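Inspection log for the structure reproduced underneath, given as structure tokens.
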Amino acid sequence: MQTLQYDGLVQAMGGKNWSAQLLREAKGFRNVDTHQVPCHVLDVSKYNDMKQLCSKQKQNNADLILEGTLMEGLLSDAIYRMYPQRRTPRHSIVDTTVAEWAKDKRKHRTTSWETFHSLVLYTLHNIAFKHETTISMVALRWALQLDRVGSVIKPTILGAQSQASNPTTTTSPRNVFTFELDEEDLEKLANFDPKQEGEKTLDFAQMDFEEMSEDEITAALGLLPSHKRTLFL
């Protein structure tokens, strides 16, 4: 590939899921233009390794491309609403990544999914409500604001209906460029501590809607502020 690049037949080269150690050993590392690594709010280890390596090698100006930011669709409003704490979705990532992450964070008699839903999804939901966007857009925006990140891969399904052509739709991918996470948002996403967030567990059965304001009800139902007028007509 380097020969093809030197001959002008290849303009740029990129790597995917290479470990930092492999890149250290790779000959001609400076000629690699991009590195694609998995990264999401529960695991930034591979991103951190690659960022540190790129920072040490000053001659390398490669951008990082992040994949898996939405955790195979788990970080979404649909999952947040369809699968409350007591209803665990059948998803391989729930049995692997989520279970491993929640192992040291679970409270007594709570499942990995209950911990993930009450800490991660609920936090993302509140941030999304604050910016009038969706959980997925918050996860993507978080990734874009990381150091040395050039782009983030958002998977899609061929033939699926796309809303990208409508820039006014809040679920359009373009919405990720209409807002920016502040320091408070980033701090919440950087550390999901059950001691700090555990009391914010969402439980509809315990909610007293008669005592709640319209804004509180709208947020609890996972709706955007623009839907409030329709809800209370």
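Following the order of the structure tokens, chains are lettered A, B, ..., residues in each are numbered from 1, and ligands are numbered from 1.
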
I want to know what sits within 9 Å of region 169-185 of chain A, based on only C-alpha atoms, with residues of the same chain fewer than 5 positions away left out; could you give that as a PDB file with N, CA and C atoms, in the first residue's frame?
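Saved result, result.pdb, follows:
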```
ATOM      1  N   LEU A 124     -28.556  10.265  29.425  1.00  0.00           N
ATOM      2  CA  LEU A 124     -28.587  10.701  28.023  1.00  0.00           C
ATOM      3  C   LEU A 124     -29.934  11.323  27.678  1.00  0.00           C
ATOM      4  N   ILE A 127     -30.117  14.900  29.036  1.00  0.00           N
ATOM      5  CA  ILE A 127     -29.291  15.807  28.228  1.00  0.00           C
ATOM      6  C   ILE A 127     -29.973  16.077  26.887  1.00  0.00           C
ATOM      7  N   HIS A 131     -31.380  19.789  25.237  1.00  0.00           N
ATOM      8  CA  HIS A 131     -30.995  20.358  23.942  1.00  0.00           C
ATOM      9  C   HIS A 131     -32.074  20.149  22.874  1.00  0.00           C
ATOM     10  N   GLU A 132     -33.226  19.624  23.269  1.00  0.00           N
ATOM     11  CA  GLU A 132     -34.335  19.376  22.343  1.00  0.00           C
ATOM     12  C   GLU A 132     -33.892  18.495  21.182  1.00  0.00           C
ATOM     13  N   THR A 133     -33.258  17.393  21.498  1.00  0.00           N
ATOM     14  CA  THR A 133     -32.802  16.459  20.477  1.00  0.00           C
ATOM     15  C   THR A 133     -33.038  15.040  20.976  1.00  0.00           C
ATOM     16  N   THR A 134     -32.326  14.077  20.449  1.00  0.00           N
ATOM     17  CA  THR A 134     -32.541  12.685  20.809  1.00  0.00           C
ATOM     18  C   THR A 134     -31.323  12.090  21.502  1.00  0.00           C
ATOM     19  N   SER A 136     -29.673   9.442  20.630  1.00  0.00           N
ATOM     20  CA  SER A 136     -28.668   9.088  19.624  1.00  0.00           C
ATOM     21  C   SER A 136     -27.830  10.291  19.224  1.00  0.00           C
ATOM     22  N   MET A 137     -28.473  11.442  19.053  1.00  0.00           N
ATOM     23  CA  MET A 137     -27.733  12.637  18.665  1.00  0.00           C
ATOM     24  C   MET A 137     -26.781  13.093  19.774  1.00  0.00           C
ATOM     25  N   VAL A 138     -27.184  12.920  21.019  1.00  0.00           N
ATOM     26  CA  VAL A 138     -26.298  13.271  22.133  1.00  0.00           C
ATOM     27  C   VAL A 138     -25.069  12.370  22.133  1.00  0.00           C
ATOM     28  N   LEU A 140     -23.729  10.803  19.587  1.00  0.00           N
ATOM     29  CA  LEU A 140     -22.883  11.154  18.449  1.00  0.00           C
ATOM     30  C   LEU A 140     -22.156  12.475  18.687  1.00  0.00           C
ATOM     31  N   ARG A 141     -22.862  13.437  19.268  1.00  0.00           N
ATOM     32  CA  ARG A 141     -22.240  14.737  19.537  1.00  0.00           C
ATOM     33  C   ARG A 141     -21.111  14.593  20.552  1.00  0.00           C
ATOM     34  N   TRP A 142     -21.324  13.766  21.558  1.00  0.00           N
ATOM     35  CA  TRP A 142     -20.280  13.501  22.553  1.00  0.00           C
ATOM     36  C   TRP A 142     -19.017  12.972  21.876  1.00  0.00           C
ATOM     37  N   LEU A 144     -18.092  13.356  18.725  1.00  0.00           N
ATOM     38  CA  LEU A 144     -17.493  14.370  17.860  1.00  0.00           C
ATOM     39  C   LEU A 144     -16.685  15.398  18.645  1.00  0.00           C
ATOM     40  N   GLN A 145     -17.026  15.604  19.895  1.00  0.00           N
ATOM     41  CA  GLN A 145     -16.319  16.595  20.704  1.00  0.00           C
ATOM     42  C   GLN A 145     -15.077  16.038  21.390  1.00  0.00           C
ATOM     43  N   LYS A 154     -22.054   6.537  11.601  1.00  0.00           N
ATOM     44  CA  LYS A 154     -23.431   6.271  12.010  1.00  0.00           C
ATOM     45  C   LYS A 154     -23.986   5.199  11.084  1.00  0.00           C
ATOM     46  N   SER A 162     -35.028   7.280   5.102  1.00  0.00           N
ATOM     47  CA  SER A 162     -34.099   8.228   5.706  1.00  0.00           C
ATOM     48  C   SER A 162     -34.757   9.579   5.893  1.00  0.00           C
ATOM     49  N   GLN A 163     -34.404  10.250   6.979  1.00  0.00           N
ATOM     50  CA  GLN A 163     -34.912  11.588   7.243  1.00  0.00           C
ATOM     51  C   GLN A 163     -33.832  12.637   7.024  1.00  0.00           C
ATOM     52  N   ALA A 164     -32.700  12.197   6.464  1.00  0.00           N
ATOM     53  CA  ALA A 164     -31.581  13.122   6.286  1.00  0.00           C
ATOM     54  C   ALA A 164     -31.928  14.251   5.327  1.00  0.00           C
ATOM     55  N   ALA A 190     -18.958  11.495  31.419  1.00  0.00           N
ATOM     56  CA  ALA A 190     -17.613  10.982  31.675  1.00  0.00           C
ATOM     57  C   ALA A 190     -17.578  10.009  32.841  1.00  0.00           C
TER      58      ALA A 190
END
```

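Every residue of region 94-194 of chain A found in strand (DSSP E or B) when DSSP is run on the backbone appears here: Val149, Gly150, Ser151 and Val152 of chain A.
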
Once you have the residues from the selection above, write them out as a compact mmCIF listing (two decimals), in the first residue's frame, restricted to N, CA and C atoms.
```
# COMPACT_ATOMS: atom_id res chain seq x y z
N VAL A 149 -10.77 13.62 17.01
CA VAL A 149 -11.79 12.87 16.27
C VAL A 149 -12.15 13.63 15.00
N GLY A 150 -12.00 12.97 13.86
CA GLY A 150 -12.33 13.59 12.59
C GLY A 150 -13.76 13.36 12.18
N SER A 151 -14.28 12.16 12.48
CA SER A 151 -15.65 11.84 12.12
C SER A 151 -16.13 10.65 12.95
N VAL A 152 -17.44 10.44 12.91
CA VAL A 152 -18.07 9.33 13.63
C VAL A 152 -18.95 8.58 12.66
```

Exercise. For each of A:Glu67, A:Gln85, A:Asp77, A:Leu119, take the minimum atom-to-atom distance to Pro155 (chain A), counting only C-alpha atoms, then give the residue where this is smallest.
Key: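 Ranked by minimum distance to Pro155 (chain A), first place goes to A:Glu67.
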
Quiz item: Any idea what's packed within 9 Å of region 108-116 of chain A, counting only C-alpha atoms, ignoring anything in its chain fewer than 4 positions away? Could you give it as number ranges by chain?
Solution: A: 84-89, 94-95, 98-103, 120-122, 194, 198, 201

Output file for the selection above: C-alpha atoms, as a short mmCIF file (atom, residue, chain, number, x, y, z; two decimals), in the first residue's frame:
```
data_model
loop_
_atom_site.label_atom_id
_atom_site.label_comp_id
_atom_site.auth_asym_id
_atom_site.auth_seq_id
_atom_site.Cartn_x
_atom_site.Cartn_y
_atom_site.Cartn_z
CA PRO A 84 -38.04 0.20 30.79
CA GLN A 85 -35.93 -1.00 33.68
CA ARG A 86 -37.91 -4.16 34.35
CA ARG A 87 -38.01 -5.31 30.73
CA THR A 88 -34.61 -6.32 29.38
CA PRO A 89 -34.16 -6.33 25.58
CA VAL A 94 -26.66 -6.31 26.80
CA ASP A 95 -25.27 -9.70 27.80
CA VAL A 98 -23.50 -3.81 29.46
CA ALA A 99 -23.15 -6.74 31.85
CA GLU A 100 -19.40 -6.21 32.18
CA TRP A 101 -19.79 -2.46 32.72
CA ALA A 102 -22.54 -2.87 35.33
CA LYS A 103 -20.76 -5.62 37.27
CA VAL A 120 -26.79 5.73 31.21
CA LEU A 121 -30.03 5.98 29.24
CA TYR A 122 -31.71 8.23 31.77
CA PRO A 194 -24.33 4.85 40.81
CA GLY A 198 -28.78 6.08 41.64
CA THR A 201 -33.96 5.99 38.74
#
```

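If you measure from each of A:Ile153, A:Leu189, A:Leu4, A:Leu23 to Asp43 (chain A) using only C-alpha atoms, the closest one turns out to be A:Leu189.
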
Quiz item: For Leu146 (chain A), which residue among A:Asn48, A:Ser118, A:Thr3, A:Ser213 is the nearest when counting only C-alpha atoms?
Solution: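 The answer is A:Asn48, which sits nearest to Leu146 (chain A).
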
Practice problem: Compile the contact shell of Ala143 (chain A) as a list in words: residues with an atom at most 8 Å away, counting only C-alpha atoms, same-chain residues fewer than 4 positions apart removed. | Solution: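 Contacts, with the query itself left out: Cys39, His40, Leu66, Thr69, Ala139, Val149 and Val152 of chain A.
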
DSSP says helix (DSSP H, G or I) for which residues of region 41-162 of chain A? Put them as a PDB file with C-alpha atoms, in the first residue's frame?
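Here's the written file part20.pdb:
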```
ATOM      1  CA  SER A  45     -10.100   2.637  26.324  1.00  0.00           C
ATOM      2  CA  LYS A  46      -9.162   1.986  22.691  1.00  0.00           C
ATOM      3  CA  TYR A  47      -9.793   5.606  21.789  1.00  0.00           C
ATOM      4  CA  ASN A  48      -7.578   6.782  24.661  1.00  0.00           C
ATOM      5  CA  ASP A  49      -4.770   4.429  23.625  1.00  0.00           C
ATOM      6  CA  MET A  50      -4.875   5.691  20.063  1.00  0.00           C
ATOM      7  CA  LYS A  51      -5.117   9.345  21.085  1.00  0.00           C
ATOM      8  CA  GLN A  52      -2.067   9.039  23.323  1.00  0.00           C
ATOM      9  CA  LEU A  53      -0.103   7.344  20.564  1.00  0.00           C
ATOM     10  CA  CYS A  54      -0.989  10.014  18.019  1.00  0.00           C
ATOM     11  CA  SER A  55      -0.067  12.758  20.477  1.00  0.00           C
ATOM     12  CA  LYS A  56       3.367  11.249  21.118  1.00  0.00           C
ATOM     13  CA  ASP A  77     -35.079   6.961  22.373  1.00  0.00           C
ATOM     14  CA  ALA A  78     -36.850   3.881  21.024  1.00  0.00           C
ATOM     15  CA  ILE A  79     -34.919   1.541  23.327  1.00  0.00           C
ATOM     16  CA  TYR A  80     -35.313   3.957  26.245  1.00  0.00           C
ATOM     17  CA  ARG A  81     -39.103   3.922  25.916  1.00  0.00           C
ATOM     18  CA  MET A  82     -39.706   0.359  24.692  1.00  0.00           C
ATOM     19  CA  SER A  92     -26.105  -9.533  22.556  1.00  0.00           C
ATOM     20  CA  ILE A  93     -24.465  -6.289  23.674  1.00  0.00           C
ATOM     21  CA  VAL A  94     -26.658  -6.308  26.798  1.00  0.00           C
ATOM     22  CA  ASP A  95     -25.271  -9.702  27.795  1.00  0.00           C
ATOM     23  CA  THR A  96     -21.669  -8.704  27.107  1.00  0.00           C
ATOM     24  CA  THR A  97     -20.700  -5.024  27.184  1.00  0.00           C
ATOM     25  CA  VAL A  98     -23.501  -3.806  29.462  1.00  0.00           C
ATOM     26  CA  ALA A  99     -23.149  -6.741  31.847  1.00  0.00           C
ATOM     27  CA  GLU A 100     -19.399  -6.212  32.179  1.00  0.00           C
ATOM     28  CA  TRP A 101     -19.795  -2.463  32.717  1.00  0.00           C
ATOM     29  CA  ALA A 102     -22.539  -2.873  35.332  1.00  0.00           C
ATOM     30  CA  SER A 112     -27.344  -5.058  34.587  1.00  0.00           C
ATOM     31  CA  TRP A 113     -30.087  -3.629  32.396  1.00  0.00           C
ATOM     32  CA  GLU A 114     -31.748  -1.812  35.294  1.00  0.00           C
ATOM     33  CA  THR A 115     -28.422  -0.216  36.162  1.00  0.00           C
ATOM     34  CA  PHE A 116     -27.718   0.733  32.546  1.00  0.00           C
ATOM     35  CA  HIS A 117     -31.211   2.142  32.033  1.00  0.00           C
ATOM     36  CA  SER A 118     -31.277   4.208  35.234  1.00  0.00           C
ATOM     37  CA  LEU A 119     -27.748   5.579  34.877  1.00  0.00           C
ATOM     38  CA  VAL A 120     -26.791   5.731  31.207  1.00  0.00           C
ATOM     39  CA  LEU A 121     -30.027   5.979  29.237  1.00  0.00           C
ATOM     40  CA  TYR A 122     -31.713   8.232  31.771  1.00  0.00           C
ATOM     41  CA  THR A 123     -28.711  10.587  31.832  1.00  0.00           C
ATOM     42  CA  LEU A 124     -28.587  10.701  28.023  1.00  0.00           C
ATOM     43  CA  HIS A 125     -32.333  11.268  27.933  1.00  0.00           C
ATOM     44  CA  ASN A 126     -32.105  14.276  30.269  1.00  0.00           C
ATOM     45  CA  ILE A 127     -29.291  15.807  28.228  1.00  0.00           C
ATOM     46  CA  ALA A 128     -31.266  15.208  25.024  1.00  0.00           C
ATOM     47  CA  PHE A 129     -34.331  16.879  26.539  1.00  0.00           C
ATOM     48  CA  LYS A 130     -32.197  19.862  27.526  1.00  0.00           C
ATOM     49  CA  ILE A 135     -30.435  10.233  22.787  1.00  0.00           C
ATOM     50  CA  SER A 136     -28.668   9.088  19.624  1.00  0.00           C
ATOM     51  CA  MET A 137     -27.733  12.637  18.665  1.00  0.00           C
ATOM     52  CA  VAL A 138     -26.298  13.271  22.133  1.00  0.00           C
ATOM     53  CA  ALA A 139     -24.155  10.119  21.879  1.00  0.00           C
ATOM     54  CA  LEU A 140     -22.883  11.154  18.449  1.00  0.00           C
ATOM     55  CA  ARG A 141     -22.240  14.737  19.537  1.00  0.00           C
ATOM     56  CA  TRP A 142     -20.280  13.501  22.553  1.00  0.00           C
ATOM     57  CA  ALA A 143     -18.046  11.465  20.252  1.00  0.00           C
ATOM     58  CA  LEU A 144     -17.493  14.370  17.860  1.00  0.00           C
TER      59      LEU A 144
END
```

Polymer residues at most 7 Å from Asp33 (chain A), only C-alpha atoms, same-chain spacing of 6 or more positions, as an mmCIF file with N, CA and C atoms, in the first residue's frame:
```
data_model
loop_
_atom_site.group_PDB
_atom_site.id
_atom_site.type_symbol
_atom_site.label_atom_id
_atom_site.label_comp_id
_atom_site.auth_asym_id
_atom_site.auth_seq_id
_atom_site.Cartn_x
_atom_site.Cartn_y
_atom_site.Cartn_z
ATOM 1 N N ALA A 12 -4.849 8.139 0.033
ATOM 2 C CA ALA A 12 -4.828 8.105 1.494
ATOM 3 C C ALA A 12 -4.989 6.666 1.970
ATOM 4 N N MET A 13 -4.486 6.395 3.162
ATOM 5 C CA MET A 13 -4.602 5.068 3.756
ATOM 6 C C MET A 13 -5.193 5.197 5.149
ATOM 7 N N GLY A 14 -5.978 4.208 5.525
ATOM 8 C CA GLY A 14 -6.569 4.203 6.853
ATOM 9 C C GLY A 14 -6.541 2.819 7.456
ATOM 10 N N ALA A 62 -2.859 12.084 11.777
ATOM 11 C CA ALA A 62 -4.036 11.284 11.442
ATOM 12 C C ALA A 62 -5.223 11.637 12.327
ATOM 13 N N ASP A 63 -6.393 11.621 11.719
ATOM 14 C CA ASP A 63 -7.637 11.804 12.459
ATOM 15 C C ASP A 63 -8.167 10.440 12.882
#
```
